[in-house]
Protein chains: 2
Amino acid sequence: MSRILFSLLLILSFMQAQDHLNSWHDEKSKNNIISYIQSVTDSKSPDFIPEVDRIAVFDNDGTLWSEQPVYFQLYFAMDRVKALAPEHPEWKTTQPFKAVLEGDMDALVKSGKKGLLELVMATHAGMSDEEFDAIVTEWITTAKHPTKNVHFSELVYQPMLELLDYLRANGFKTFIVSGGGIDFMRPWAAKVYGIPTHQIIGSQIDVKYENKKVVRIPKIRFIDDKEGKPVGIHYHIGKHPVAAFGNSDGDFAMMEYTETNKQYKTFQLYVHHTDEKREWAYDRKSHIGKLDKGLDYALDHGWTIVDMKSDWKVIYPFELKK
Amino acid sequence: MSRILFSLLLILSFMQAQDHLNSWHDEKSKNNIISYIQSVTDSKSPDFIPEVDRIAVFDNDGTLWSEQPVYFQLYFAMDRVKALAPEHPEWKTTQPFKAVLEGDMDALVKSGKKGLLELVMATHAGMSDEEFDAIVTEWITTAKHPTKNVHFSELVYQPMLELLDYLRANGFKTFIVSGGGIDFMRPWAAKVYGIPTHQIIGSQIDVKYENKKVVRIPKIRFIDDKEGKPVGIHYHIGKHPVAAFGNSDGDFAMMEYTETNKQYKTFQLYVHHTDEKREWAYDRKSHIGKLDKGLDYALDHGWTIVDMKSDWKVIYPFELKK
């Protein structure tokens, strides 16, 4: 019985693989991906990786969905400030809240990291985990991007959704390892990317268990960015990944760490934002998603660099419906 | 194709379910488990739980394997002290190391929590994640329990292994949520329990990313015990569990938290250590695995209480081979 079942599963998985990566042009990037996956999943190949060790890690902002003109989580925080403002009359005269309420992005940017942290603390803490989950779910299904004018979760990359599916169809476990908030992603990313909540890793604030509830408290616990990414991988996965996908210098440590896996053949891919018409074009000089040191290293080490403009037939899923 | 496949999978899963819980006597505990699983997996039942929300959490020490006369991780730490002693001549005259080297368990117990923490720091930090993994793997395959005289990983509970399989065959994701060290469990628990490393949660020390390595540093990051368990569940799983399995007051908060799940029917089970012949008998007065407040609450709230002596045909897998 189980042998027949196994054969059927094999056939099914082969049929599914045929359907993958449809939004990728037949260029080098696509070929690199397919040739890596084939070499590590063929049990006769010297590069074969047992299924239990097929761990793939993905950055989120700029790798799985857009991140311009600012990280989408900042729009969420700003919308929360506006919603909570009636309870906080002092915000009218206190930065960075004043800047948000007056729509003064320059002043907001000037408030720097400290200001952004204050925004996050004031809007992401002080409620139970379930209340926060409901707030995010409400926002993600209603708020719209200021220039694209679609819901933020519609701004995920169709070719990357296909890549996630393709990896999973080949026995990979897919994880998100993002600098964004873990609990900001979990309510929607699980559905949108097909990645269960326990495979989503991100920056965290503290919580405590009180009166039978998990309550969010305004204290940073972990920043899952730069050198924090391999650390977050250690805490949450406990295994050395074999494949890493990012778009910025913030992902470099995670990708470099993946490359040091001595046991298995590894794969690294940078999404390079080169399409100012369909998405945005930015790299070495950008404040958001800066890709500079990482780009040089990637070129040097033969990492795959996706040219969004020439590699991807479409950017967003809604383009397929047109 | 996929419909045939689905039918085959259903038949296979049914055949597997028949084979489960063989080491459980047909008593109340077994019936409680089966009736819960049937009610939440039957799509026509009002208690049906979608597969994505079937989250089951298990304590480790005393729930999945034995924990007497002291937590097994302490034997590991003591063996490490002995192995490292030549590099630390000062340990001959410094507690708690002196106590370990002289085999003076009374003095070791007297060193209290502070002493135990010192032992853990001296033995669990100062190397890369991969080096520590190799040390644990070597120990778990060679060291033996002082009175049972078998490898520690042979002291897992056969009926609980069957329960883990039974839950997974019914679409549950199984997680370990242990007060023990996350990196002490991962190298062997993944294989022994069939639970992947990223579904193992435990107490943690800090790590940092340095010279392309994840390096363990002697600083407690998180204690996954008591009120820490719901907190660890939040950080790692990001979903409210529906079923919880423990054996002590240290698991109470996790089980109570599971009980507050408003969305679904829940299940709680305490393993009660009642078999002084085949395992150990202890509860309200024990220093290790104290079960007092939790036992009263369980009796009050109709939680399932496993009587090891009368509920389990065998305790350990090696008894099956006899």
# chains A, B, ... in the order shown; residues from 1 in each chain; ligands from 1
call {"tool": "residues_around", "arguments": {"residues": "Leu291 (chain A)", "least_positions_apart": "3", "cutoff": "9 Å", "atoms": "only C-alpha atoms", "output": "PDB file with N, CA and C atoms, in the first residue's frame"}}
result
ATOM      1  N   ASN A 247      17.040  40.592  -0.105  1.00  0.00           N
ATOM      2  CA  ASN A 247      17.142  41.675  -1.075  1.00  0.00           C
ATOM      3  C   ASN A 247      18.025  42.834  -0.608  1.00  0.00           C
ATOM      4  N   SER A 248      18.590  42.731   0.600  1.00  0.00           N
ATOM      5  CA  SER A 248      19.299  43.905   1.107  1.00  0.00           C
ATOM      6  C   SER A 248      20.511  43.499   1.944  1.00  0.00           C
ATOM      7  N   ASP A 249      21.299  44.496   2.312  1.00  0.00           N
ATOM      8  CA  ASP A 249      22.440  44.232   3.193  1.00  0.00           C
ATOM      9  C   ASP A 249      21.971  43.701   4.555  1.00  0.00           C
ATOM     10  N   GLY A 250      20.745  44.009   4.931  1.00  0.00           N
ATOM     11  CA  GLY A 250      20.190  43.483   6.184  1.00  0.00           C
ATOM     12  C   GLY A 250      20.050  41.969   6.164  1.00  0.00           C
ATOM     13  N   HIS A 272      16.953  41.827  -6.827  1.00  0.00           N
ATOM     14  CA  HIS A 272      17.490  43.160  -7.114  1.00  0.00           C
ATOM     15  C   HIS A 272      16.360  44.018  -7.705  1.00  0.00           C
ATOM     16  N   TYR A 282      15.957  50.532  -6.862  1.00  0.00           N
ATOM     17  CA  TYR A 282      16.820  51.079  -5.800  1.00  0.00           C
ATOM     18  C   TYR A 282      17.834  50.024  -5.399  1.00  0.00           C
ATOM     19  N   ASP A 283      18.978  50.444  -4.926  1.00  0.00           N
ATOM     20  CA  ASP A 283      19.944  49.506  -4.342  1.00  0.00           C
ATOM     21  C   ASP A 283      20.946  50.213  -3.435  1.00  0.00           C
ATOM     22  N   ARG A 284      22.104  50.622  -3.993  1.00  0.00           N
ATOM     23  CA  ARG A 284      23.232  51.045  -3.155  1.00  0.00           C
ATOM     24  C   ARG A 284      22.964  52.284  -2.311  1.00  0.00           C
ATOM     25  N   LYS A 285      22.101  53.180  -2.769  1.00  0.00           N
ATOM     26  CA  LYS A 285      21.932  54.463  -2.078  1.00  0.00           C
ATOM     27  C   LYS A 285      20.609  54.558  -1.315  1.00  0.00           C
ATOM     28  N   SER A 286      19.841  53.486  -1.320  1.00  0.00           N
ATOM     29  CA  SER A 286      18.489  53.569  -0.751  1.00  0.00           C
ATOM     30  C   SER A 286      18.508  53.540   0.781  1.00  0.00           C
ATOM     31  N   GLY A 294      26.340  43.716   0.030  1.00  0.00           N
ATOM     32  CA  GLY A 294      25.795  42.409  -0.333  1.00  0.00           C
ATOM     33  C   GLY A 294      25.848  42.165  -1.833  1.00  0.00           C
ATOM     34  N   LEU A 295      25.629  43.224  -2.611  1.00  0.00           N
ATOM     35  CA  LEU A 295      25.624  43.093  -4.066  1.00  0.00           C
ATOM     36  C   LEU A 295      27.024  42.751  -4.571  1.00  0.00           C
ATOM     37  N   ASP A 296      28.026  43.432  -4.015  1.00  0.00           N
ATOM     38  CA  ASP A 296      29.414  43.132  -4.398  1.00  0.00           C
ATOM     39  C   ASP A 296      29.774  41.687  -4.063  1.00  0.00           C
TER      40      ASP A 296
END
call {"tool": "interface_residues", "arguments": {"of": "chain B", "to": "chain A", "cutoff": "6 Å", "atoms": "only C-alpha atoms", "output": "PyMOL selection string"}}
result
chain B and resi 197-198+209+212+227+236-238+257
call {"tool": "calpha_fit_and_write", "arguments": {"fixed": "chain A", "moving": "chain B", "output": "compact mmCIF listing (two decimals) with C-alpha atoms, in the first residue's frame"}}
result
# COMPACT_ATOMS: atom_id res chain seq x y z
CA MET B 1 -0.34 0.13 -0.06
CA SER B 2 2.23 2.64 1.02
CA ARG B 3 4.40 1.89 -2.03
CA ILE B 4 1.51 2.65 -4.41
CA LEU B 5 0.79 5.76 -2.42
CA PHE B 6 4.40 6.81 -2.62
CA SER B 7 4.42 6.38 -6.40
CA LEU B 8 1.26 8.43 -6.72
CA LEU B 9 2.78 11.14 -4.58
CA LEU B 10 5.89 11.16 -6.78
CA ILE B 11 3.83 11.53 -9.94
CA LEU B 12 1.72 14.23 -8.36
CA SER B 13 4.78 16.15 -7.18
CA PHE B 14 6.28 15.90 -10.68
CA MET B 15 3.08 17.24 -12.24
CA GLN B 16 3.09 20.09 -9.75
CA ALA B 17 6.73 20.94 -10.46
CA GLN B 18 5.82 21.37 -14.12
CA ASP B 19 3.42 24.09 -13.12
CA HIS B 20 5.93 26.06 -11.07
CA LEU B 21 7.90 29.19 -11.84
CA ASN B 22 5.49 30.21 -14.62
CA SER B 23 6.07 33.90 -13.99
CA TRP B 24 9.83 33.53 -14.39
CA HIS B 25 11.42 34.12 -17.78
CA ASP B 26 13.65 31.28 -18.95
CA GLU B 27 16.77 33.14 -17.93
CA LYS B 28 19.78 32.44 -15.76
CA SER B 29 18.01 33.04 -12.42
CA LYS B 30 15.27 30.50 -13.13
CA ASN B 31 17.79 27.99 -14.43
CA ASN B 32 20.00 28.43 -11.36
CA ILE B 33 17.03 27.71 -9.08
CA ILE B 34 15.91 24.62 -10.98
CA SER B 35 19.37 23.20 -11.35
CA TYR B 36 20.04 23.61 -7.61
CA ILE B 37 16.76 22.00 -6.61
CA GLN B 38 17.24 19.11 -9.00
CA SER B 39 20.78 18.42 -7.79
CA VAL B 40 19.89 18.36 -4.08
CA THR B 41 16.66 16.36 -4.39
CA ASP B 42 17.99 13.59 -6.65
CA SER B 43 18.86 10.74 -4.31
CA LYS B 44 21.57 9.58 -6.71
CA SER B 45 23.27 12.98 -6.79
CA PRO B 46 26.40 13.60 -4.66
CA ASP B 47 24.67 16.85 -3.60
CA PHE B 48 21.57 15.10 -2.28
CA ILE B 49 20.08 16.64 0.89
CA PRO B 50 17.77 14.53 3.09
CA GLU B 51 14.33 16.12 3.37
CA VAL B 52 14.71 16.85 7.09
CA ASP B 53 17.62 19.19 6.31
CA ARG B 54 15.99 21.08 3.43
CA ILE B 55 15.61 24.39 5.25
CA ALA B 56 15.02 27.55 3.19
CA VAL B 57 14.91 31.01 4.78
CA PHE B 58 13.28 34.08 3.24
CA ASP B 59 13.46 37.73 4.16
CA ASN B 60 10.03 39.40 3.85
CA ASP B 61 10.21 43.17 3.11
CA GLY B 62 11.54 43.64 -0.41
CA THR B 63 11.97 39.89 -0.91
CA LEU B 64 8.43 38.53 -0.68
CA TRP B 65 6.50 41.81 -0.87
CA SER B 66 7.27 45.47 -1.66
CA GLU B 67 8.80 47.85 0.88
CA GLN B 68 8.52 51.29 -0.75
CA PRO B 69 8.23 54.19 -0.12
CA VAL B 70 8.56 52.91 3.50
CA TYR B 71 8.17 49.53 5.20
CA PHE B 72 4.46 48.69 5.21
CA GLN B 73 4.49 48.08 8.94
CA LEU B 74 5.13 51.80 9.38
CA TYR B 75 1.81 52.56 7.64
CA PHE B 76 0.18 50.20 10.10
CA ALA B 77 1.80 52.00 13.05
CA MET B 78 0.74 55.40 11.66
CA ASP B 79 -2.84 54.24 11.13
CA ARG B 80 -2.87 52.97 14.70
CA VAL B 81 -1.63 56.33 15.99
CA LYS B 82 -4.51 58.03 14.18
CA ALA B 83 -7.01 55.51 15.57
CA LEU B 84 -5.70 55.86 19.13
CA ALA B 85 -5.20 59.65 19.04
CA PRO B 86 -8.54 60.52 20.73
CA GLU B 87 -7.32 58.67 23.85
CA HIS B 88 -3.98 60.53 23.73
CA PRO B 89 -4.51 64.30 23.49
CA GLU B 90 -0.83 64.77 24.42
CA TRP B 91 0.18 63.30 21.03
CA LYS B 92 -0.92 66.53 19.31
CA THR B 93 2.17 68.23 20.73
CA THR B 94 4.61 65.32 21.17
CA GLN B 95 6.91 63.92 18.50
CA PRO B 96 6.89 61.54 16.70
CA PHE B 97 3.10 61.34 17.15
CA LYS B 98 2.57 64.97 16.11
CA ALA B 99 4.36 64.27 12.83
CA VAL B 100 2.11 61.27 12.15
CA LEU B 101 -1.07 63.17 12.97
CA GLU B 102 -0.02 66.10 10.76
CA GLY B 103 1.17 63.82 7.95
CA ASP B 104 4.62 65.39 8.21
CA MET B 105 6.86 62.58 6.89
CA ASP B 106 9.99 64.78 7.05
CA ALA B 107 9.56 65.33 10.78
CA LEU B 108 8.82 61.61 11.20
CA VAL B 109 12.03 60.64 9.41
CA LYS B 110 13.90 63.18 11.56
CA SER B 111 12.67 61.46 14.73
CA GLY B 112 14.97 58.62 13.66
CA LYS B 113 15.18 55.13 15.12
CA LYS B 114 14.17 56.38 18.56
CA GLY B 115 11.01 57.92 17.16
CA LEU B 116 10.11 54.79 15.21
CA LEU B 117 10.64 52.64 18.29
CA GLU B 118 8.31 54.93 20.24
CA LEU B 119 5.69 54.55 17.52
CA VAL B 120 5.97 50.77 17.64
CA MET B 121 5.76 50.65 21.44
CA ALA B 122 2.71 52.90 21.54
CA THR B 123 0.87 50.93 18.87
CA HIS B 124 2.04 47.31 19.19
CA ALA B 125 1.86 46.85 22.99
CA GLY B 126 -0.68 47.11 25.79
CA MET B 127 -3.13 44.48 24.60
CA SER B 128 -3.41 40.67 24.53
CA ASP B 129 -1.90 38.65 21.68
CA GLU B 130 -5.40 37.89 20.39
CA GLU B 131 -6.48 41.52 20.43
CA PHE B 132 -3.37 42.54 18.48
CA ASP B 133 -3.97 39.73 16.01
CA ALA B 134 -7.49 41.04 15.39
CA ILE B 135 -6.22 44.62 14.91
CA VAL B 136 -3.66 43.51 12.31
CA THR B 137 -6.21 41.32 10.52
CA GLU B 138 -8.66 44.23 10.31
CA TRP B 139 -5.94 46.57 8.99
CA ILE B 140 -4.51 44.20 6.38
CA THR B 141 -7.96 43.59 4.90
CA THR B 142 -8.91 47.29 4.72
CA ALA B 143 -5.87 49.62 4.46
CA LYS B 144 -4.45 50.45 1.03
CA HIS B 145 -1.03 51.40 -0.28
CA PRO B 146 -0.79 55.21 -0.82
CA THR B 147 0.29 55.08 -4.48
CA LYS B 148 -0.47 51.54 -5.70
CA ASN B 149 -3.98 51.84 -4.23
CA VAL B 150 -4.40 48.13 -3.51
CA HIS B 151 -4.32 46.23 -0.22
CA PHE B 152 -0.80 45.80 1.07
CA SER B 153 -1.03 42.01 0.93
CA GLU B 154 -1.70 42.28 -2.81
CA LEU B 155 1.82 43.66 -3.17
CA VAL B 156 3.48 40.27 -2.74
CA TYR B 157 5.63 39.02 -5.60
CA GLN B 158 3.94 36.40 -7.77
CA PRO B 159 7.29 34.85 -8.86
CA MET B 160 8.32 34.45 -5.22
CA LEU B 161 4.98 32.80 -4.33
CA GLU B 162 5.73 30.33 -7.11
CA LEU B 163 9.24 29.82 -5.78
CA LEU B 164 7.89 29.08 -2.26
CA ASP B 165 5.49 26.51 -3.75
CA TYR B 166 8.22 24.97 -5.87
CA LEU B 167 10.52 24.56 -2.87
CA ARG B 168 7.77 23.02 -0.74
CA ALA B 169 6.79 20.66 -3.57
CA ASN B 170 10.42 19.52 -3.39
CA GLY B 171 10.36 18.76 0.32
CA PHE B 172 11.76 22.05 1.59
CA LYS B 173 10.51 23.70 4.76
CA THR B 174 10.11 27.43 4.08
CA PHE B 175 10.71 29.99 6.83
CA ILE B 176 10.36 33.76 6.95
CA VAL B 177 13.26 35.50 8.73
CA SER B 178 12.31 39.17 8.68
CA GLY B 179 13.36 42.36 10.41
CA GLY B 180 9.64 43.15 10.57
CA GLY B 181 7.48 42.34 13.58
CA ILE B 182 6.77 38.64 14.05
CA ASP B 183 3.23 39.34 15.29
CA PHE B 184 2.57 41.86 12.55
CA MET B 185 3.28 39.16 9.95
CA ARG B 186 1.69 36.08 11.48
CA PRO B 187 -2.00 37.01 11.12
CA TRP B 188 -1.84 37.30 7.32
CA ALA B 189 1.52 35.89 6.14
CA ALA B 190 0.50 32.36 7.07
CA LYS B 191 -2.34 32.50 4.56
CA VAL B 192 -0.70 34.67 1.89
CA TYR B 193 2.58 32.70 1.73
CA GLY B 194 1.36 29.29 2.88
CA ILE B 195 3.86 29.39 5.76
CA PRO B 196 2.56 28.33 9.20
CA THR B 197 2.89 30.84 12.05
CA HIS B 198 5.59 28.80 13.79
CA GLN B 199 7.80 29.12 10.70
CA ILE B 200 7.61 32.91 10.74
CA ILE B 201 10.50 34.62 12.55
CA GLY B 202 10.80 38.36 13.11
CA SER B 203 11.54 41.15 15.54
CA GLN B 204 9.74 40.82 18.87
CA ILE B 205 8.55 42.75 21.86
CA ASP B 206 8.24 41.09 25.27
CA VAL B 207 5.07 39.41 26.42
CA LYS B 208 4.01 38.15 29.83
CA TYR B 209 1.42 35.62 30.99
CA GLU B 210 -1.07 37.37 33.24
CA ASN B 211 -4.67 36.54 34.19
CA LYS B 212 -4.61 33.59 31.80
CA LYS B 213 -3.65 35.85 28.89
CA VAL B 214 -0.54 36.57 26.86
CA VAL B 215 -0.13 40.33 27.20
CA ARG B 216 2.13 42.48 25.00
CA ILE B 217 4.48 44.82 26.85
CA PRO B 218 6.39 47.83 25.42
CA LYS B 219 9.92 46.43 25.55
CA ILE B 220 12.00 45.26 22.59
CA ARG B 221 13.01 41.63 23.04
CA PHE B 222 14.80 40.90 19.78
CA ILE B 223 15.71 42.67 16.54
CA ASP B 224 15.79 40.12 13.74
CA ASP B 225 17.99 42.09 11.37
CA LYS B 226 21.59 41.88 10.11
CA GLU B 227 23.62 39.73 12.56
CA GLY B 228 20.32 39.11 14.38
CA LYS B 229 19.09 36.93 11.50
CA PRO B 230 21.47 33.97 12.03
CA VAL B 231 20.74 34.35 15.74
CA GLY B 232 16.97 34.22 15.13
CA ILE B 233 17.49 31.18 12.91
CA HIS B 234 19.34 29.47 15.74
CA TYR B 235 16.65 30.26 18.32
CA HIS B 236 13.69 29.27 16.16
CA ILE B 237 14.90 26.66 13.70
CA GLY B 238 17.90 25.08 15.39
CA LYS B 239 19.27 23.90 12.07
CA HIS B 240 21.69 25.35 9.53
CA PRO B 241 19.68 26.45 6.43
CA VAL B 242 20.79 25.39 2.96
CA ALA B 243 19.04 28.11 0.94
CA ALA B 244 18.58 31.82 1.68
CA PHE B 245 16.63 34.53 -0.14
CA GLY B 246 16.98 38.26 0.53
CA ASN B 247 17.16 41.67 -1.09
CA SER B 248 19.33 43.89 1.10
CA ASP B 249 22.45 44.24 3.19
CA GLY B 250 20.21 43.49 6.17
CA ASP B 251 19.92 39.93 4.82
CA PHE B 252 23.64 39.55 4.19
CA ALA B 253 24.57 37.87 7.50
CA MET B 254 21.77 35.31 7.03
CA MET B 255 22.92 34.52 3.50
CA GLU B 256 26.59 34.41 4.45
CA TYR B 257 25.74 32.08 7.36
CA THR B 258 23.83 29.80 4.99
CA GLU B 259 26.86 29.74 2.69
CA THR B 260 29.05 28.42 5.53
CA ASN B 261 26.97 25.22 5.79
CA LYS B 262 29.76 22.64 5.45
CA GLN B 263 27.47 19.65 5.19
CA TYR B 264 25.49 20.53 2.08
CA LYS B 265 25.48 22.39 -1.20
CA THR B 266 23.85 25.76 -0.59
CA PHE B 267 21.97 28.40 -2.57
CA GLN B 268 21.74 32.19 -2.16
CA LEU B 269 19.50 34.54 -4.09
CA TYR B 270 19.19 38.32 -3.98
CA VAL B 271 16.11 40.05 -5.41
CA HIS B 272 17.51 43.15 -7.11
CA HIS B 273 14.98 45.98 -7.44
CA THR B 274 15.53 47.15 -11.01
CA ASP B 275 12.02 47.84 -12.24
CA GLU B 276 11.04 51.45 -11.62
CA LYS B 277 8.00 51.10 -13.86
CA ARG B 278 6.28 48.03 -12.45
CA GLU B 279 7.74 48.22 -8.92
CA TRP B 280 10.64 50.40 -7.70
CA ALA B 281 14.32 50.67 -8.63
CA TYR B 282 16.83 51.07 -5.80
CA ASP B 283 19.95 49.51 -4.35
CA ARG B 284 23.24 51.04 -3.15
CA LYS B 285 21.93 54.46 -2.08
CA SER B 286 18.50 53.57 -0.75
CA HIS B 287 17.45 54.24 2.84
CA ILE B 288 15.00 51.34 2.65
CA GLY B 289 16.40 48.01 1.51
CA LYS B 290 19.94 49.22 0.84
CA LEU B 291 21.85 46.65 -1.22
CA ASP B 292 25.52 47.59 -1.50
CA LYS B 293 28.07 45.41 0.28
CA GLY B 294 25.82 42.41 -0.33
CA LEU B 295 25.63 43.08 -4.07
CA ASP B 296 29.44 43.14 -4.41
CA TYR B 297 29.74 39.94 -2.42
CA ALA B 298 26.97 38.26 -4.43
CA LEU B 299 28.68 39.15 -7.72
CA ASP B 300 31.98 37.86 -6.36
CA HIS B 301 30.58 34.59 -5.02
CA GLY B 302 28.28 33.63 -7.87
CA TRP B 303 25.07 34.09 -5.89
CA THR B 304 21.93 34.35 -8.00
CA ILE B 305 20.86 37.96 -8.54
CA VAL B 306 17.31 38.36 -9.77
CA ASP B 307 16.87 41.28 -12.13
CA MET B 308 13.19 42.03 -11.50
CA LYS B 309 12.82 43.83 -14.79
CA SER B 310 14.13 41.08 -17.03
CA ASP B 311 13.60 37.96 -14.89
CA TRP B 312 9.95 38.37 -13.90
CA LYS B 313 7.03 38.28 -16.35
CA VAL B 314 4.73 39.81 -13.73
CA ILE B 315 5.44 41.35 -10.35
CA TYR B 316 2.12 41.07 -8.47
CA PRO B 317 -0.58 38.37 -8.51
CA PHE B 318 -3.28 40.85 -9.61
CA GLU B 319 -1.43 41.37 -12.92
CA LEU B 320 -2.31 37.78 -13.83
CA LYS B 321 -6.02 38.59 -13.72
CA LYS B 322 -5.76 41.51 -16.10
call {"tool": "select_by_dssp", "arguments": {"residues": "region 67-197 of chain B", "states": "helix (DSSP H, G or I)", "output": "PyMOL selection string"}}
result
chain B and resi 72-87+89-93+97-101+105-110+112-124+129-142+152-154+158-169+182-193+197
call {"tool": "select_by_dssp", "arguments": {"residues": "region 127-223 of chain B", "states": "strand (DSSP E)", "output": "VMD selection string"}}
result
chain B and resid 173 to 181 200 to 210 213 to 222
